[in-house]
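J.: Structure in structure tokens, see below.
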Amino acid sequence: MDIIRIKNLTKNYGEKDTVTQVLKNINLDIKQGELLVIVGESGGGKSTLLNIMGGLDRATSGNLFWGDTDITKLNEKELTEFRCKNIGFVFQFYNLIPNLTAIENIEVASELSSNPLDSKELMHKVGLAGKENVFPTKMSGGEQQRVAICRALSKDPQVIFCDEPTGALDFETGIKILELLSEMNTDYNKTIVLITHNQPIAEMADRVVKIRSGSIVDITVNKEKKKVKDIQW
């Protein structure tokens, strides 16, 4: 079953003679429970597409359906409510609130949900048991990113969008974060859309979408979805 359907989506910046087309006639369906990786060079439109899918930005034209809801038709209040209820985000930089503890950062998001997941159980799941009352400034980058993943999961969202989630981490920590995201996909049946310029990451996906200069140039189904530990880095 498709959870997201994108139809003839374009995104322009600027006006008249200074218009830059960042996304060009994007058509893409995303299936419930799949791990989709979007790859491409920097500046190719990956982050713009992710932000539009996640309701953080608006398309210039086209349609973006979540089920029967075309979110391009929602006003700002409706879009904010939809985003809060249905979407989790994991970014390259963790965006944690420094004066809140780890568990308080997670609970800020879980309070937006009518059916949140248990924050302590999530922290235990990602290997952070006992760190509930630690502030972000006292945590490593990998620990902070795990808190960010718990925060994204806590609302029990339909989809988790990940924008270069390992970009600020060292290699070994990045591997652990990718393994964790893979577990969230399988253990919680979460649809995960992950963008990266790191080509080997694509091997952990169900499908791989390649974007170049604002257009989808290839969609590949991985016949063998590899475990992160089996990827040749």
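Letters for chains follow the order of the structure tokens (A, B, ...), residue numbers begin at 1 for each chain, and ligand numbers begin at 1 in the order shown.
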Looking only at the backbone, which of the residues in chain A does DSSP tag as strand (DSSP E or B), as an MDAnalysis selection string?
T.: chainID A and resid 2:13 20:31 35:39 61:66 69:70 87:90 159:163 191:196 207:212 215:221
J.: Could I get the residues of region 112-175 of chain A with an atom no further than 12 Å from an atom of region 225-229 of chain A, each paired with its nearest atom pair and that distance in Å to one decimal, using only C-alpha atoms, sorted by chain and residue number, as JSON lines?
T.:
```
{"residue": "A:Glu172", "atom": "CA", "partner": "A:Lys229", "partner_atom": "CA", "distance": 10.8}
{"residue": "A:Gly174", "atom": "CA", "partner": "A:Val228", "partner_atom": "CA", "distance": 10.4}
{"residue": "A:Ile175", "atom": "CA", "partner": "A:Val228", "partner_atom": "CA", "distance": 7.0}
```
J.: Wanna dump the region 85-128 of chain A-region 187-205 of chain A contacts at 10 Å for me, each residue with its shortest atom pair and the distance in Å to one decimal, counting only C-alpha atoms, ordered by chain and number, as a Markdown table?
T.:
```
| residue | atom | partner | partner_atom | distance |
| --- | --- | --- | --- | --- |
| A:Gly88 | CA | A:Ile192 | CA | 9.4 |
| A:Phe89 | CA | A:Val193 | CA | 9.8 |
| A:Val90 | CA | A:Leu194 | CA | 9.1 |
| A:Phe91 | CA | A:Leu194 | CA | 9.9 |
```
J.: Can you tell me, as number ranges by chain, what residues are no more than 12 Å from Val134 (chain A) when counting only C-alpha atoms, ignoring any on the same chain fewer than 5 positions away?
T.: A: 98-105, 123, 128-129, 139-140, 143-144, 147
J.: Env of region 5-7 of chain A: 7 Å cut, atoms = only C-alpha atoms, seq-sep filter 2 positions within chain, self excluded. Answer as a list in words.
T.: Asp2, Ile3, Leu9, Ile26, Asn27, Leu28, Asp29, Ile30, Gly62, Asn63, Leu64, Phe65 and Trp66 of chain A
J.: My list of candidates is A:Ile160, A:Val37, A:Leu96, A:Leu122. Which is closest to Arg83 (chain A) when distances are computed with only C-alpha atoms?
T.: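 Smallest separation from Arg83 (chain A) among the options: A:Ile160.
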J.: Would you compute the distance between CA of Gly33 (chain A) and CA of Ala168 (chain A)? Give it in Å to one decimal.
T.: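 Going from CA of Gly33 (chain A) over to CA of Ala168 (chain A) covers 26.5 Å.
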J.: Among region 6-197 of chain A, which residues does DSSP mark as helix (DSSP H, G or I) when it is run on the backbone? Keep the chain and numbering as in the structure and answer as JSON, numbers by chain.
T.: {"A": [16, 17, 18, 46, 47, 48, 49, 50, 51, 52, 53, 71, 72, 73, 76, 77, 78, 79, 80, 81, 82, 83, 84, 85, 86, 102, 103, 104, 105, 106, 107, 108, 109, 110, 119, 120, 121, 122, 123, 124, 125, 136, 137, 138, 141, 142, 143, 144, 145, 146, 147, 148, 149, 150, 151, 152, 153, 154, 171, 172, 173, 174, 175, 176, 177, 178, 179, 180, 181, 182, 183, 184, 185, 186, 187]}
J.: Show which residues sit within 9 Å of Leu112 (chain A), as a ChimeraX atom specification. Count only C-alpha atoms, and ignore same-chain residues fewer than 5 positions away.
T.: /A:84-85,107,155
J.: Give me a file of those residues, with N, CA and C atoms, as a PDB file, in the first residue's frame.
T.:
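So out.pdb came out as:
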```
ATOM      1  N   CYS A  84       2.697  17.482  12.849  1.00  0.00           N
ATOM      2  CA  CYS A  84       2.880  17.085  14.248  1.00  0.00           C
ATOM      3  C   CYS A  84       2.355  15.685  14.518  1.00  0.00           C
ATOM      4  N   LYS A  85       1.265  15.321  13.877  1.00  0.00           N
ATOM      5  CA  LYS A  85       0.619  14.035  14.146  1.00  0.00           C
ATOM      6  C   LYS A  85       1.239  12.874  13.367  1.00  0.00           C
ATOM      7  N   GLU A 107       9.998  13.799  25.319  1.00  0.00           N
ATOM      8  CA  GLU A 107       8.621  14.002  25.760  1.00  0.00           C
ATOM      9  C   GLU A 107       8.001  15.259  25.163  1.00  0.00           C
ATOM     10  N   LYS A 155       6.231  10.038  18.789  1.00  0.00           N
ATOM     11  CA  LYS A 155       4.870  10.382  18.385  1.00  0.00           C
ATOM     12  C   LYS A 155       4.177   9.218  17.688  1.00  0.00           C
TER      13      LYS A 155
END
```
J.: In Å, rounded to a single decimal, give me how far CA of Arg212 (chain A) is from CA of Val39 (chain A).
T.: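 So the answer is 8.8 Å.
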J.: So, counting only C-alpha atoms, which residue among A:Lys31, A:Lys24, A:Lys73, A:His124 is closest to Met1 (chain A)?
T.: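 Of A:Lys31, A:Lys24, A:Lys73, A:His124, the one nearest Met1 (chain A) is A:Lys31, counting only C-alpha atoms.
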J.: Tell me, in Å to one decimal, how far CA of Val221 (chain A) is from CA of Leu36 (chain A).
T.: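 Value for the CA of Val221 (chain A)-CA of Leu36 (chain A) distance: 9.6 Å.
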J.: Hey, which of A:Ile97, A:Ile231, A:Ile211, A:Ile71 ends up closest to Gly44 (chain A)? Count only C-alpha atoms.
T.: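 Distance minimum relative to Gly44 (chain A) lands on A:Ile211.
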J.: Tell me which protein, DNA and RNA residues are within 9 Å of Ala59 (chain A), counting only C-alpha atoms, leaving out same-chain ones fewer than 5 positions away, and put them as a list in words.
T.: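 Counting only C-alpha atoms, the residues come to Leu9, Thr10, Lys11, Asn12, Leu23, Leu49, Ile52, Leu64 and Thr72 of chain A.
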